[in-house]
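Participant: Here you go, one structure.
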Protein chains: 2
Amino acid sequence: MRLHPVILAGGRGERFWPLSRRARPKQLLPLLSDRPMLADTLARLQGAASPRDTFVITARDLAGAVRDAVPEIPHHHIVGEPVGKNTAPAVALAAWWLRDAGGDAVVAVLPSDHRVEPPERFRDELIRAGETALERGAIVTFGIPPTRPETGYGYIEVGAPTAPGSPFSTVAAFREKPDLATASRYASDGRHLWNAGMFLFPPRVMLEEIGAHAPEIAALLPALPARLAEDEAALARYYQSAPSVSIDVAVMERSARALVARAGFAWDDLGSWVALDGAEATGRANVTRGRTILLDSEGVVAFADGGLVAAVGARDLVIVHTPDATLVCAKDRVQEVRALVARLKAEPGGDAFL
Amino acid sequence: MRLHPVILAGGRGERFWPLSRRARPKQLLPLLSDRPMLADTLARLQGAASPRDTFVITARDLAGAVRDAVPEIPHHHIVGEPVGKNTAPAVALAAWWLRDAGGDAVVAVLPSDHRVEPPERFRDELIRAGETALERGAIVTFGIPPTRPETGYGYIEVGAPTAPGSPFSTVAAFREKPDLATASRYASDGRHLWNAGMFLFPPRVMLEEIGAHAPEIAALLPALPARLAEDEAALARYYQSAPSVSIDVAVMERSARALVARAGFAWDDLGSWVALDGAEATGRANVTRGRTILLDSEGVVAFADGGLVAAVGARDLVIVHTPDATLVCAKDRVQEVRALVARLKAEPGGDAFL
């Protein structure tokens, strides 16, 4: 089995403003280490897949920054989408290009900006999932045992195990983001897992399923160039014509070949500044990145991008310094960072900070 | 009567860090308007004195920045002290240089970084104080009726009025910064006023008092160059030899020629970030300078130096953004900004932020 990771890095998150900007979205930020999350994602694969077998699908205007963040990946493996069309067109394109990669080829579609720990465990499970996908001609997705009634994630309802005691099961259903009551039930009934947005499949299995469930995408694939960078115009036409739809909706919810692997690694999508402290702090501890001085401060997430954050008597705050903007946000209000960004978009001159 | 303002601008305050830096202390900051406080101070004199009659005494390494801040003042009127020796040597030097300025000359020694409002009232009272100093051969200082039991100010105990109903009185005593119990008594007994650090006098009156009460300074004056910039080495020798002492201690506390004018203008020394909200806000209002977006925030003092401060759900905080450093400080802890600065001085590389 030979893994071909396809890392999806086209996101435009606003939840990490002011560190995240249009030209430097979350996957390019050093949120969990001193390097961009995308580089963490690649490093996590070391030993399971080669950078030379790895693709990154990102937005066209981010391609240069992506190349800088992961120089180990061949430049012609970095796909700059001229327009974002959710995940299905990107996954289909990857499967199409890798359709002749060999009988042992397995594509691993992976997000670029999530937290996954520990890396060793993730690698072992990734390899096992790839082998299972190959053996069974399946599309394997990872399901994370919920640790809280999270309403921001999709869920996977688990069906029958492929064998007694196996971590692999059929999929009973994919569930969209639930309301809180439903999420509470999902989190406790033992039959629902978080959908981590990872998919492993032999290319031809995915192409068959796309042909069966998303024929409007399948019809566009033959016009793609044989390799990236050979025909930018053809790539542009593909993205212009493709529907904007997730691979979950286009294929996974309808496919009979889906399997779910119960993950033994920890995962979250790092959805806000507050999620950073889940990584490191317990209780009233402060979480810092960059240069900080926190005097008599508790429960603070402080992030200094190249400069210094100094605080006295701060309580339960997110404090982010960048050269041109500072954010101070009550920790229970981090969802409103998006409202700030919306306000900036609407204000004269606010664009300069986005 | 012709006023010769001598503005003292040698301060090195740390209380407005991170906006204030070694090379840009409080008097050079735009704390109360869009221009440096020193420029506000000069503007406040317009109509009472000419910039061409005005001197600024500052630190040698700040002289260039001072020239930029108040270009109306002749360059040879900007004195760069090679070493700070408190106020007495500076006042003595000004009196010495202006000793032949004419029989109608009155020196007005003024701080450069205090809040004084409204300017019209200040000008009227300044002129009246200057006339009184000239008529009576006195050193007139301003006393501010206390509005709170401030322990950070010196006080002046008022003696007998020079005439019934006159705002001018003799001085019973100068009082150093009191403890809280004493300050409470001073603030309510009607006999004590805040010492605003302003002094008006005919040059020869001050020189006589210096001769009488600070002979070690008087002895150094004849060796001064006749004008500034004629002999930098002689100026340096003066400052090297002069004792470091305030004019209050060296002269005012001992002089029988001191008068105090009860001020009708509002004054404070703007001692911390929190003082800024005294200027503008009442209750829970926010005070902002520069570009800010404050969502559901109350009692915030936000200062953006060229960039942006954005806050969500902030309460009773001072938030200051500069390109390389951000301060977040509980409003009741602003006195500890100095502790932060001390910490930075002690840390490797911390100097870069001072």
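Starting from 1 in every chain, residues are counted up; chains themselves are A, B, ... following the order of the structure tokens, and ligands are numbered from 1 as listed.
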Enumerate the residues of range 80-195 of chain B with a DSSP assignment of strand (DSSP E or B), computed from the backbone, and present them as JSON, numbers by chain.
Facilitator: {"B": [80, 81, 105, 106, 107, 108, 109, 110, 111, 115, 116, 117, 139, 140, 141, 142, 143, 144, 155, 156, 157, 158, 159, 160, 161, 168, 169, 170, 171, 172, 173, 174, 175, 192, 193, 194, 195]}
Participant: Excluding Arg2 in chain A and its own-chain neighbours fewer than 6 positions away, which residues fall within 12 Å of it when counting only C-alpha atoms? Please give them as a ChimeraX atom specification.
Facilitator: /A:47-50,52-54,98,101-108,126-131,133-134,200-203
Participant: Restricted to N, CA, C and O atoms, what would the selected residues look like written as a short mmCIF file (atom, residue, chain, number, x, y, z; two decimals), in the first residue's frame?
Facilitator:
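What follows is the written file result.cif:
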data_model
loop_
_atom_site.label_atom_id
_atom_site.label_comp_id
_atom_site.auth_asym_id
_atom_site.auth_seq_id
_atom_site.Cartn_x
_atom_site.Cartn_y
_atom_site.Cartn_z
N GLY A 47 7.01 9.09 7.56
CA GLY A 47 7.04 7.67 7.90
C GLY A 47 5.85 6.91 7.34
O GLY A 47 5.89 5.69 7.18
N ALA A 48 4.77 7.67 7.05
CA ALA A 48 3.58 7.03 6.46
C ALA A 48 3.49 7.31 4.97
O ALA A 48 2.96 6.50 4.21
N ALA A 49 4.00 8.47 4.58
CA ALA A 49 3.95 8.84 3.16
C ALA A 49 5.09 9.78 2.85
O ALA A 49 5.62 10.46 3.75
N SER A 50 5.49 9.82 1.60
CA SER A 50 6.58 10.69 1.20
C SER A 50 6.04 12.05 0.74
O SER A 50 4.99 12.13 0.10
N ARG A 52 7.04 13.58 -1.65
CA ARG A 52 7.02 13.54 -3.11
C ARG A 52 5.75 12.88 -3.63
O ARG A 52 5.42 13.00 -4.80
N ASP A 53 5.06 12.17 -2.76
CA ASP A 53 3.76 11.60 -3.13
C ASP A 53 2.59 12.44 -2.65
O ASP A 53 1.44 12.04 -2.77
N THR A 54 2.91 13.60 -2.09
CA THR A 54 1.88 14.41 -1.43
C THR A 54 1.44 15.57 -2.33
O THR A 54 2.27 16.19 -3.00
N LEU A 98 -4.59 10.59 -9.92
CA LEU A 98 -3.87 9.44 -9.35
C LEU A 98 -4.45 8.10 -9.82
O LEU A 98 -4.06 7.05 -9.31
N ALA A 101 -1.87 5.60 -10.65
CA ALA A 101 -0.70 5.62 -9.75
C ALA A 101 -0.24 4.22 -9.36
O ALA A 101 0.81 4.07 -8.75
N GLY A 102 -1.02 3.23 -9.67
CA GLY A 102 -0.59 1.86 -9.34
C GLY A 102 -1.62 1.15 -8.50
O GLY A 102 -2.46 1.80 -7.84
N GLY A 103 -1.56 -0.15 -8.53
CA GLY A 103 -2.57 -0.97 -7.85
C GLY A 103 -2.49 -0.87 -6.34
O GLY A 103 -3.45 -1.22 -5.64
N ASP A 104 -1.36 -0.36 -5.83
CA ASP A 104 -1.25 -0.24 -4.37
C ASP A 104 -1.51 1.19 -3.88
O ASP A 104 -1.29 1.50 -2.72
N ALA A 105 -1.97 2.04 -4.79
CA ALA A 105 -2.13 3.45 -4.44
C ALA A 105 -3.40 3.69 -3.62
O ALA A 105 -4.47 3.19 -3.96
N VAL A 106 -3.25 4.45 -2.54
CA VAL A 106 -4.40 4.89 -1.75
C VAL A 106 -4.25 6.40 -1.54
O VAL A 106 -3.20 6.88 -1.10
N VAL A 107 -5.32 7.11 -1.89
CA VAL A 107 -5.34 8.55 -1.64
C VAL A 107 -5.82 8.78 -0.21
O VAL A 107 -6.77 8.14 0.24
N ALA A 108 -5.12 9.70 0.49
CA ALA A 108 -5.57 10.10 1.83
C ALA A 108 -5.87 11.60 1.79
O ALA A 108 -4.95 12.41 1.74
N LEU A 126 -3.54 5.70 10.26
CA LEU A 126 -3.68 6.11 8.86
C LEU A 126 -3.26 4.97 7.94
O LEU A 126 -3.94 4.66 6.94
N ILE A 127 -2.13 4.35 8.27
CA ILE A 127 -1.64 3.23 7.45
C ILE A 127 -2.64 2.08 7.48
O ILE A 127 -3.01 1.52 6.44
N ARG A 128 -3.15 1.78 8.64
CA ARG A 128 -4.12 0.69 8.76
C ARG A 128 -5.40 1.01 7.97
O ARG A 128 -5.98 0.14 7.32
N ALA A 129 -5.82 2.26 8.03
CA ALA A 129 -7.02 2.66 7.28
C ALA A 129 -6.76 2.57 5.78
O ALA A 129 -7.64 2.15 5.00
N GLY A 130 -5.55 2.95 5.36
CA GLY A 130 -5.21 2.85 3.94
C GLY A 130 -5.22 1.40 3.47
O GLY A 130 -5.74 1.08 2.39
N GLU A 131 -4.67 0.54 4.30
CA GLU A 131 -4.66 -0.89 3.94
C GLU A 131 -6.08 -1.45 3.85
O GLU A 131 -6.41 -2.23 2.94
N ALA A 133 -8.80 0.28 3.17
CA ALA A 133 -9.44 0.85 1.97
C ALA A 133 -9.02 0.06 0.74
O ALA A 133 -9.85 -0.25 -0.14
N LEU A 134 -7.74 -0.30 0.68
CA LEU A 134 -7.23 -1.04 -0.47
C LEU A 134 -7.81 -2.46 -0.52
O LEU A 134 -8.32 -2.90 -1.56
N LEU A 200 -9.86 8.03 3.03
CA LEU A 200 -8.83 7.22 2.35
C LEU A 200 -9.52 6.29 1.36
O LEU A 200 -10.52 5.65 1.70
N PHE A 201 -8.96 6.21 0.16
CA PHE A 201 -9.60 5.40 -0.88
C PHE A 201 -8.61 5.11 -2.01
O PHE A 201 -7.74 5.93 -2.31
N PRO A 202 -8.76 3.93 -2.67
CA PRO A 202 -8.07 3.73 -3.94
C PRO A 202 -8.70 4.68 -4.95
O PRO A 202 -9.93 4.86 -4.97
N PRO A 203 -7.90 5.31 -5.80
CA PRO A 203 -8.45 6.33 -6.70
C PRO A 203 -9.65 5.83 -7.51
O PRO A 203 -10.65 6.54 -7.65
#
Participant: Provide as a PDB file with N, CA and C atoms, in the first residue's frame the residues of chain A at most 7 Å from chain B, counting only C-alpha atoms.
Facilitator:
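The resulting iface_9.pdb:
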ATOM      1  N   GLY A 307       6.068  40.504  18.003  1.00  0.00           N
ATOM      2  CA  GLY A 307       6.293  41.560  18.978  1.00  0.00           C
ATOM      3  C   GLY A 307       6.118  41.020  20.385  1.00  0.00           C
ATOM      4  N   LEU A 308       5.464  41.815  21.195  1.00  0.00           N
ATOM      5  CA  LEU A 308       5.338  41.494  22.616  1.00  0.00           C
ATOM      6  C   LEU A 308       3.907  41.736  23.070  1.00  0.00           C
ATOM      7  N   VAL A 309       3.375  40.814  23.854  1.00  0.00           N
ATOM      8  CA  VAL A 309       2.126  41.051  24.583  1.00  0.00           C
ATOM      9  C   VAL A 309       2.471  41.158  26.055  1.00  0.00           C
ATOM     10  N   ALA A 310       2.094  42.267  26.668  1.00  0.00           N
ATOM     11  CA  ALA A 310       2.294  42.442  28.102  1.00  0.00           C
ATOM     12  C   ALA A 310       0.935  42.680  28.734  1.00  0.00           C
ATOM     13  N   ALA A 311       0.676  42.003  29.849  1.00  0.00           N
ATOM     14  CA  ALA A 311      -0.622  42.157  30.502  1.00  0.00           C
ATOM     15  C   ALA A 311      -0.430  42.221  32.005  1.00  0.00           C
ATOM     16  N   VAL A 312      -1.295  42.987  32.642  1.00  0.00           N
ATOM     17  CA  VAL A 312      -1.334  43.073  34.098  1.00  0.00           C
ATOM     18  C   VAL A 312      -2.782  42.862  34.537  1.00  0.00           C
ATOM     19  N   GLY A 313      -2.980  41.880  35.404  1.00  0.00           N
ATOM     20  CA  GLY A 313      -4.318  41.672  35.954  1.00  0.00           C
ATOM     21  C   GLY A 313      -5.348  41.262  34.924  1.00  0.00           C
ATOM     22  N   ALA A 314      -4.939  40.569  33.873  1.00  0.00           N
ATOM     23  CA  ALA A 314      -5.889  40.129  32.845  1.00  0.00           C
ATOM     24  C   ALA A 314      -6.547  38.817  33.278  1.00  0.00           C
ATOM     25  N   HIS A 321      -1.468  40.093  19.509  1.00  0.00           N
ATOM     26  CA  HIS A 321      -0.770  41.238  18.938  1.00  0.00           C
ATOM     27  C   HIS A 321      -0.209  40.880  17.570  1.00  0.00           C
ATOM     28  N   PRO A 323       1.608  43.243  14.096  1.00  0.00           N
ATOM     29  CA  PRO A 323       2.187  44.577  13.933  1.00  0.00           C
ATOM     30  C   PRO A 323       1.155  45.684  13.706  1.00  0.00           C
ATOM     31  N   ASP A 324       0.063  45.380  13.006  1.00  0.00           N
ATOM     32  CA  ASP A 324      -0.882  46.464  12.717  1.00  0.00           C
ATOM     33  C   ASP A 324      -2.212  46.360  13.452  1.00  0.00           C
ATOM     34  N   ALA A 325      -2.415  45.309  14.217  1.00  0.00           N
ATOM     35  CA  ALA A 325      -3.710  45.194  14.895  1.00  0.00           C
ATOM     36  C   ALA A 325      -3.590  44.353  16.156  1.00  0.00           C
ATOM     37  N   THR A 326      -4.360  44.754  17.139  1.00  0.00           N
ATOM     38  CA  THR A 326      -4.447  44.011  18.396  1.00  0.00           C
ATOM     39  C   THR A 326      -5.891  43.591  18.622  1.00  0.00           C
ATOM     40  N   LEU A 327      -6.067  42.338  19.038  1.00  0.00           N
ATOM     41  CA  LEU A 327      -7.382  41.851  19.444  1.00  0.00           C
ATOM     42  C   LEU A 327      -7.366  41.572  20.934  1.00  0.00           C
ATOM     43  N   VAL A 328      -8.393  42.054  21.624  1.00  0.00           N
ATOM     44  CA  VAL A 328      -8.638  41.664  23.007  1.00  0.00           C
ATOM     45  C   VAL A 328     -10.076  41.162  23.057  1.00  0.00           C
ATOM     46  N   CYS A 329     -10.246  39.911  23.453  1.00  0.00           N
ATOM     47  CA  CYS A 329     -11.584  39.321  23.388  1.00  0.00           C
ATOM     48  C   CYS A 329     -11.839  38.480  24.629  1.00  0.00           C
ATOM     49  N   ALA A 330     -12.974  38.713  25.256  1.00  0.00           N
ATOM     50  CA  ALA A 330     -13.375  37.842  26.362  1.00  0.00           C
ATOM     51  C   ALA A 330     -13.443  36.408  25.839  1.00  0.00           C
ATOM     52  N   ARG A 333     -16.462  34.962  24.283  1.00  0.00           N
ATOM     53  CA  ARG A 333     -17.038  35.712  23.174  1.00  0.00           C
ATOM     54  C   ARG A 333     -16.262  35.508  21.871  1.00  0.00           C
TER      55      ARG A 333
END
Participant: Determine, counting only C-alpha atoms, which protein, DNA and RNA residues have an atom within 10 Å of an atom of Ala63 in chain A; residues of the same chain fewer than 4 positions away are not included. Present the result as a list in words.
Facilitator: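 Final neighbour list, sorted by chain and number: Ala9, Gly10, Val56, Ile57, Thr58, Ala59, Arg67, Asp68, Ala69, His75, Ile78, Val79, Gly80 and Glu81 of chain A.
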Participant: For Gly13 in chain B, please output as a PyMOL selection string all residues within 9 Å (counting only C-alpha atoms; exclusion window: fewer than 5 positions along the same chain).
Facilitator: chain B and resi 20-22+25-27+271
Participant: DSSP on the backbone, helix (DSSP H, G or I) only: what residues of range 45-201 of chain B does that give? Format it as a VMD selection string.
Facilitator: chain B and resid 51 to 53 60 to 69 75 to 77 88 to 97 119 to 136 180 to 188
Participant: Residues within 9 Å of Pro146 in chain B, please, as a PyMOL selection string. Count only C-alpha atoms; anything in the same chain fewer than 3 positions from it doesn't count.
Facilitator: chain B and resi 143+149-150+186-188+190+192-194
Participant: Dump all heavy atoms for the selected residues as a JSON list (two decimals), in the first residue's frame?
Facilitator:
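Wrote selection.json, looks like this:
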[["chain", "number", "residue", "atom", "x", "y", "z"],
["B", 143, "GLY", "N", -1.50, 77.04, 42.38],
["B", 143, "GLY", "CA", -2.05, 75.98, 43.23],
["B", 143, "GLY", "C", -3.43, 75.60, 42.71],
["B", 143, "GLY", "O", -4.24, 76.46, 42.37],
["B", 149, "PRO", "N", -8.27, 63.13, 47.17],
["B", 149, "PRO", "CA", -7.12, 63.03, 48.09],
["B", 149, "PRO", "C", -5.94, 62.36, 47.40],
["B", 149, "PRO", "O", -5.58, 61.25, 47.70],
["B", 149, "PRO", "CB", -7.67, 62.17, 49.24],
["B", 149, "PRO", "CG", -8.74, 61.34, 48.61],
["B", 149, "PRO", "CD", -9.34, 62.16, 47.50],
["B", 150, "GLU", "N", -5.34, 63.07, 46.48],
["B", 150, "GLU", "CA", -4.27, 62.53, 45.64],
["B", 150, "GLU", "C", -2.98, 62.44, 46.45],
["B", 150, "GLU", "O", -2.50, 63.43, 47.01],
["B", 150, "GLU", "CB", -4.11, 63.46, 44.43],
["B", 150, "GLU", "CG", -2.97, 63.13, 43.51],
["B", 150, "GLU", "CD", -3.13, 61.77, 42.83],
["B", 150, "GLU", "OE1", -4.17, 61.54, 42.19],
["B", 150, "GLU", "OE2", -2.21, 60.95, 42.97],
["B", 186, "TYR", "N", -5.82, 67.33, 53.54],
["B", 186, "TYR", "CA", -5.47, 68.43, 52.64],
["B", 186, "TYR", "C", -6.60, 68.70, 51.64],
["B", 186, "TYR", "O", -6.91, 69.85, 51.31],
["B", 186, "TYR", "CB", -4.22, 68.07, 51.83],
["B", 186, "TYR", "CG", -2.91, 68.08, 52.60],
["B", 186, "TYR", "CD1", -1.74, 67.62, 51.99],
["B", 186, "TYR", "CD2", -2.84, 68.55, 53.92],
["B", 186, "TYR", "CE1", -0.53, 67.62, 52.66],
["B", 186, "TYR", "CE2", -1.62, 68.54, 54.60],
["B", 186, "TYR", "CZ", -0.48, 68.08, 53.97],
["B", 186, "TYR", "OH", 0.72, 68.08, 54.62],
["B", 187, "ALA", "N", -7.20, 67.61, 51.15],
["B", 187, "ALA", "CA", -8.19, 67.77, 50.08],
["B", 187, "ALA", "C", -9.46, 68.43, 50.58],
["B", 187, "ALA", "O", -10.26, 68.94, 49.79],
["B", 187, "ALA", "CB", -8.51, 66.41, 49.46],
["B", 188, "SER", "N", -9.64, 68.43, 51.92],
["B", 188, "SER", "CA", -10.93, 68.93, 52.43],
["B", 188, "SER", "C", -10.80, 70.15, 53.33],
["B", 188, "SER", "O", -11.80, 70.76, 53.69],
["B", 188, "SER", "CB", -11.64, 67.81, 53.21],
["B", 188, "SER", "OG", -10.81, 67.37, 54.27],
["B", 190, "GLY", "N", -9.47, 73.09, 52.74],
["B", 190, "GLY", "CA", -9.57, 74.40, 52.09],
["B", 190, "GLY", "C", -8.30, 75.21, 52.15],
["B", 190, "GLY", "O", -8.22, 76.30, 51.56],
["B", 192, "HIS", "N", -5.15, 73.81, 51.43],
["B", 192, "HIS", "CA", -4.09, 73.18, 50.64],
["B", 192, "HIS", "C", -4.47, 73.08, 49.17],
["B", 192, "HIS", "O", -5.61, 72.75, 48.84],
["B", 192, "HIS", "CB", -3.78, 71.78, 51.19],
["B", 192, "HIS", "CG", -3.09, 71.80, 52.51],
["B", 192, "HIS", "ND1", -3.76, 71.91, 53.71],
["B", 192, "HIS", "CD2", -1.76, 71.76, 52.81],
["B", 192, "HIS", "CE1", -2.89, 71.92, 54.70],
["B", 192, "HIS", "NE2", -1.67, 71.83, 54.19],
["B", 193, "LEU", "N", -3.50, 73.34, 48.34],
["B", 193, "LEU", "CA", -3.70, 73.28, 46.89],
["B", 193, "LEU", "C", -2.64, 72.35, 46.29],
["B", 193, "LEU", "O", -1.56, 72.19, 46.85],
["B", 193, "LEU", "CB", -3.55, 74.68, 46.27],
["B", 193, "LEU", "CG", -4.48, 75.76, 46.84],
["B", 193, "LEU", "CD1", -4.09, 77.14, 46.28],
["B", 193, "LEU", "CD2", -5.94, 75.45, 46.49],
["B", 194, "TRP", "N", -2.98, 71.75, 45.16],
["B", 194, "TRP", "CA", -1.98, 70.94, 44.46],
["B", 194, "TRP", "C", -0.90, 71.84, 43.86],
["B", 194, "TRP", "O", -1.20, 72.90, 43.29],
["B", 194, "TRP", "CB", -2.63, 70.17, 43.31],
["B", 194, "TRP", "CG", -3.49, 69.01, 43.76],
["B", 194, "TRP", "CD1", -3.44, 68.35, 44.95],
["B", 194, "TRP", "CD2", -4.54, 68.39, 42.99],
["B", 194, "TRP", "NE1", -4.37, 67.34, 44.98],
["B", 194, "TRP", "CE2", -5.06, 67.34, 43.79],
["B", 194, "TRP", "CE3", -5.07, 68.60, 41.72],
["B", 194, "TRP", "CZ2", -6.10, 66.53, 43.35],
["B", 194, "TRP", "CZ3", -6.11, 67.79, 41.29],
["B", 194, "TRP", "CH2", -6.61, 66.76, 42.09]]
Participant: Quote the spacing between CA of Pro74 in chain A and CA of Ala39 in chain A in Å to one decimal place.
Facilitator: 14.0 Å
Participant: Val260 in chain A: which residues within 7 Å, counting only C-alpha atoms, same-chain residues fewer than 5 positions away excluded, as a ChimeraX atom specification?
Facilitator: /A:140-143,168-171
Participant: CA of Ala261 in chain B and CA of Thr132 in chain B are how many Å apart?
Facilitator: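 Separation between CA of Ala261 in chain B and CA of Thr132 in chain B: 9.6 Å.
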Participant: Please provide as a PyMOL selection string all residues within 10 Å of Met252 in chain A, with the sequence filter that same-chain residues fewer than 6 positions apart are discarded (counting only C-alpha atoms).
Facilitator: chain A and resi 139-141+171+173-174+199+206+209-210+213+246+258-259
Participant: Hey, can you check how far CA of Ser255 in chain A sits from CA of Arg191 in chain A?
Facilitator: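 Interatomic distance, CA of Ser255 in chain A to CA of Arg191 in chain A: 19.3 Å.
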Participant: Compare B:Lys177, B:Arg254, B:Arg227, B:Arg123 by their minimum atom-to-atom distance to Gly211 in chain B, counting only C-alpha atoms, and give me the closest one.
Facilitator: B:Arg254
Participant: Would you mind telling me which residue in A:Met37, A:Leu8, A:Ala285, A:Ala65 lies nearest to Asn86 in chain A when using only C-alpha atoms?
Facilitator: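 Looking at the shortest contact to Asn86 in chain A, the residue is A:Leu8.
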